[in-house]
Amino acid sequence: MAGAIQLYTDGASTGNPGPGGFGAILVYGKHEKEISAGYRLTTNNRMELTAVIEGLKAIKNPEIPVEIFSDSKYVVDAISKGWVFNWNKTGFKGKKNKDLWIIFLRLYPNYKIKMHWVRGHAGHFQNERCDVLATTAARNPDFVDEGYEKGWGE
């Protein structure tokens with residue numbers, strides 16, 4: 001998309017479940033912003049999705065289209081193939097991470113989103129940087145993933 005915000009995301013956890021973190025980079029023109037956070041107990045998929053959610057929350061102008069780049073097939077396919085919308089219709093029966101998907105679905109209508117899958121650990125600069133942000137955050141967990149610890153996640 002011409003003139004779009006590029007949102008690069010990655011999530012990580014050690015132990016799965018275990019300490020985890022996410023990293024995201026927002027790029028728009030000459031502007032770039034990095035965000036990350038670590039959680040004491042979570043899963044990789046939760047951190048992948050959290051990276052997308054927190055990246056979207058960091059966007060100040062939702063009128064600008066957003067291209068999201070992720071190495072998570074779970075996240076990219078759920079959104080681009082419309083699975084999450086069907087999961088929502090069935091109350092997420094048998095699906096994991098309902099709490100995070102509901103947050104995503106509340107944000108989704110406010111943005112013009114296009115999803116892109118990138119191969120992880122394949123030399124894609126922003127993906128590699130997001131991985132460093134996520135793994136560094138996982139080593140310094142400051143937050144509690146309440147959804148996971150209350151049993152709403154994986």
# chains A, B, ... in the order shown; residues from 1 in each chain; ligands from 1
>>> select_by_dssp(residues="stretch 5-124 of chain A", states="alpha helix (DSSP H)", output="JSON, numbers by chain")
{"A": [44, 45, 46, 47, 48, 49, 50, 51, 52, 53, 54, 55, 56, 57, 73, 74, 75, 76, 77, 78, 79, 80, 83, 84, 85, 86, 87, 88, 89, 98, 99, 100, 101, 102, 103, 104, 105, 106, 107]}
>>> residues_around(residues="A:Lys57", least_positions_apart="3", cutoff="12 Å", atoms="only C-alpha atoms", output="short mmCIF file (atom, residue, chain, number, x, y, z; two decimals) with C-alpha atoms, in the first residue's frame")
data_model
loop_
_atom_site.label_atom_id
_atom_site.label_comp_id
_atom_site.auth_asym_id
_atom_site.auth_seq_id
_atom_site.Cartn_x
_atom_site.Cartn_y
_atom_site.Cartn_z
CA LEU A 7 4.34 -2.75 11.25
CA ALA A 24 7.40 -4.49 17.08
CA LEU A 26 6.54 0.80 13.21
CA ILE A 35 8.22 -1.24 21.19
CA THR A 50 0.37 -9.33 21.33
CA ALA A 51 3.01 -7.78 19.06
CA VAL A 52 0.33 -7.06 16.45
CA ILE A 53 -2.11 -5.70 19.03
CA GLU A 54 0.43 -3.43 20.73
CA LYS A 60 -1.66 7.58 16.27
CA ASN A 61 -3.57 7.97 13.00
CA PRO A 62 -5.72 4.93 12.17
CA VAL A 66 -1.17 -0.54 7.82
CA ILE A 103 -8.90 -7.37 21.70
CA PHE A 104 -7.67 -7.65 18.11
CA ARG A 106 -12.10 -4.58 18.65
CA LEU A 107 -9.13 -2.82 17.06
CA TYR A 108 -9.46 -4.29 13.56
CA ASN A 110 -10.41 1.02 12.97
CA TYR A 111 -7.60 0.17 10.54
#
>>> residues_around(residues="A:Glu128", least_positions_apart="6", cutoff="10 Å", atoms="only C-alpha atoms", output="PDB file with C-alpha atoms, in the first residue's frame")
ATOM      1  CA  TYR A   8       6.925  -5.490  11.754  1.00  0.00           C
ATOM      2  CA  THR A   9       6.213  -7.908  14.601  1.00  0.00           C
ATOM      3  CA  ASP A  10       7.622 -10.916  16.396  1.00  0.00           C
ATOM      4  CA  GLY A 120      11.578 -16.036  10.272  1.00  0.00           C
ATOM      5  CA  HIS A 121      15.332 -16.102  10.822  1.00  0.00           C
ATOM      6  CA  ALA A 122      15.945 -15.674   7.103  1.00  0.00           C
ATOM      7  CA  ALA A 134      11.219  -9.992  21.712  1.00  0.00           C
TER       8      ALA A 134
END
>>> atom_distance(atom1="atom CA of A:Ile25", atom2="atom CA of A:Val132")
11.4 Å
>>> atom_distance(atom1="atom CA of A:Gly29", atom2="atom CA of A:Ala4")
8.7 Å
>>> residues_around(residues="A:Glu67", least_positions_apart="4", cutoff="9 Å", atoms="only C-alpha atoms", output="list in words")
Met1, Ala4, Ile5, Gln6, Leu7, Tyr8, Lys112, Ile113, Lys114, Met115 and His116 of chain A
>>> write_last_selection(atoms="C-alpha atoms", output="mmCIF file, in the first residue's frame")
data_model
loop_
_atom_site.group_PDB
_atom_site.id
_atom_site.type_symbol
_atom_site.label_atom_id
_atom_site.label_comp_id
_atom_site.auth_asym_id
_atom_site.auth_seq_id
_atom_site.Cartn_x
_atom_site.Cartn_y
_atom_site.Cartn_z
ATOM 1 C CA MET A 1 0.000 0.000 0.000
ATOM 2 C CA ALA A 4 1.190 2.841 4.476
ATOM 3 C CA ILE A 5 2.609 2.325 7.927
ATOM 4 C CA GLN A 6 4.757 -0.787 8.024
ATOM 5 C CA LEU A 7 4.337 -2.754 11.248
ATOM 6 C CA TYR A 8 6.925 -5.490 11.754
ATOM 7 C CA LYS A 112 -7.052 -0.691 6.894
ATOM 8 C CA ILE A 113 -4.864 -3.770 7.370
ATOM 9 C CA LYS A 114 -2.938 -5.881 4.905
ATOM 10 C CA MET A 115 -1.085 -8.928 6.243
ATOM 11 C CA HIS A 116 2.258 -10.233 5.004
#
>>> atom_distance(atom1="atom CA of A:Phe22", atom2="atom CA of A:Asp131")
7.9 Å
>>> residues_around(residues="A:Pro141", least_positions_apart="3", cutoff="8 Å", atoms="only C-alpha atoms", output="PyMOL selection string")
chain A and resi 19-21+37-40+137-138
>>> write_last_selection(atoms="N, CA and C atoms", output="compact mmCIF listing (two decimals), in the first residue's frame")
# COMPACT_ATOMS: atom_id res chain seq x y z
N PRO A 19 8.75 -17.67 30.20
CA PRO A 19 8.90 -16.23 30.02
C PRO A 19 8.84 -15.90 28.53
N GLY A 20 8.20 -14.80 28.20
CA GLY A 20 8.06 -14.43 26.80
C GLY A 20 8.11 -12.94 26.60
N GLY A 21 8.18 -12.56 25.34
CA GLY A 21 8.20 -11.15 25.01
C GLY A 21 7.79 -10.93 23.57
N ALA A 37 7.99 -5.65 25.20
CA ALA A 37 7.70 -5.90 26.61
C ALA A 37 7.88 -7.39 26.87
N GLY A 38 8.23 -7.70 28.12
CA GLY A 38 8.41 -9.09 28.53
C GLY A 38 7.37 -9.49 29.56
N TYR A 39 6.98 -10.76 29.51
CA TYR A 39 5.96 -11.31 30.40
C TYR A 39 6.52 -12.54 31.10
N ARG A 40 6.15 -12.71 32.37
CA ARG A 40 6.78 -13.78 33.17
C ARG A 40 6.34 -15.18 32.77
N ALA A 137 13.29 -8.85 25.64
CA ALA A 137 12.18 -8.58 26.56
C ALA A 137 11.82 -9.83 27.36
N ALA A 138 11.89 -11.00 26.73
CA ALA A 138 11.56 -12.26 27.41
C ALA A 138 12.54 -12.54 28.54
>>> residues_around(residues="A:Val118", least_positions_apart="6", cutoff="9 Å", atoms="only C-alpha atoms", output="NGL selection string")
:A and (69-73 or 124 or 127)
>>> write_last_selection(atoms="C-alpha atoms", output="tab-separated table (two decimals), in the first residue's frame")
chain	number	residue	atom	x	y	z
A	69	PHE	CA	4.70	-8.19	8.55
A	70	SER	CA	4.90	-11.30	10.76
A	71	ASP	CA	6.67	-14.65	10.68
A	72	SER	CA	3.71	-16.22	12.47
A	73	LYS	CA	1.52	-18.29	10.15
A	124	HIS	CA	14.84	-10.02	6.87
A	127	ASN	CA	12.08	-9.35	11.40
>>> residues_around(residues="A:Tyr148", least_positions_apart="5", cutoff="12 Å", atoms="only C-alpha atoms", output="tab-separated table (two decimals) with N, CA and C atoms, in the first residue's frame")
chain	number	residue	atom	x	y	z
A	16	ASN	N	7.68	-22.28	26.35
A	16	ASN	CA	6.38	-22.35	25.68
A	16	ASN	C	5.39	-23.31	26.36
A	17	PRO	N	4.87	-23.05	27.54
A	17	PRO	CA	4.90	-21.74	28.19
A	17	PRO	C	6.18	-21.49	28.97
A	18	GLY	N	6.42	-20.22	29.14
A	18	GLY	CA	7.58	-19.76	29.88
A	18	GLY	C	7.64	-18.25	29.79
A	19	PRO	N	8.75	-17.67	30.20
A	19	PRO	CA	8.90	-16.23	30.02
A	19	PRO	C	8.84	-15.90	28.53
A	20	GLY	N	8.20	-14.80	28.20
A	20	GLY	CA	8.06	-14.43	26.80
A	20	GLY	C	8.11	-12.94	26.60
A	39	TYR	N	6.98	-10.76	29.51
A	39	TYR	CA	5.96	-11.31	30.40
A	39	TYR	C	6.52	-12.54	31.10
A	40	ARG	N	6.15	-12.71	32.37
A	40	ARG	CA	6.78	-13.78	33.17
A	40	ARG	C	6.34	-15.18	32.77
A	41	LEU	N	5.10	-15.34	32.26
A	41	LEU	CA	4.62	-16.65	31.85
A	41	LEU	C	3.61	-16.48	30.72
A	42	THR	N	3.93	-17.03	29.56
A	42	THR	CA	3.09	-16.86	28.38
A	42	THR	C	3.48	-17.91	27.34
A	43	THR	N	2.99	-17.75	26.12
A	43	THR	CA	3.37	-18.66	25.03
A	43	THR	C	3.82	-17.86	23.81
A	44	ASN	N	4.45	-18.54	22.90
A	44	ASN	CA	4.93	-17.90	21.68
A	44	ASN	C	3.77	-17.31	20.87
A	45	ASN	N	2.70	-18.09	20.67
A	45	ASN	CA	1.58	-17.57	19.88
A	45	ASN	C	0.95	-16.34	20.52
A	46	ARG	N	0.85	-16.32	21.84
A	46	ARG	CA	0.29	-15.15	22.52
A	46	ARG	C	1.18	-13.93	22.28
A	47	MET	N	2.48	-14.12	22.29
A	47	MET	CA	3.38	-13.00	22.08
A	47	MET	C	3.36	-12.52	20.63
A	50	THR	N	0.20	-10.54	20.52
A	50	THR	CA	0.37	-9.33	21.33
A	50	THR	C	1.19	-8.29	20.58
A	96	LYS	N	-7.79	-21.24	21.08
A	96	LYS	CA	-6.94	-20.66	22.11
A	96	LYS	C	-6.81	-19.15	21.92
A	97	ASN	N	-6.43	-18.51	22.99
A	97	ASN	CA	-6.12	-17.07	22.97
A	97	ASN	C	-7.32	-16.19	22.68
A	98	LYS	N	-8.49	-16.65	23.09
A	98	LYS	CA	-9.73	-15.91	22.87
A	98	LYS	C	-9.62	-14.47	23.35
A	99	ASP	N	-9.04	-14.28	24.54
A	99	ASP	CA	-8.95	-12.93	25.11
A	99	ASP	C	-8.19	-11.97	24.20
A	100	LEU	N	-7.08	-12.45	23.63
A	100	LEU	CA	-6.30	-11.58	22.74
A	100	LEU	C	-6.99	-11.38	21.39
A	143	PHE	N	6.01	-7.86	33.03
A	143	PHE	CA	4.56	-7.87	33.03
A	143	PHE	C	4.00	-9.27	33.26
A	153	GLY	N	-5.63	-18.59	27.68
A	153	GLY	CA	-4.75	-18.78	26.53
A	153	GLY	C	-4.50	-20.24	26.26
A	154	GLU	N	-3.29	-20.52	25.84
A	154	GLU	CA	-2.93	-21.89	25.49
A	154	GLU	C	-2.78	-22.67	26.73
>>> select_by_dssp(residues="chain A", states="strand (DSSP E or B)", output="VMD selection string")
chain A and resid 5 to 13 18 to 28 31 to 42 66 to 70 113 to 117 143
>>> closest_residue(among="A:Phe125, A:Gly3, A:Val27, A:Trp117", to="A:Ile79", atoms="only C-alpha atoms")
A:Trp117
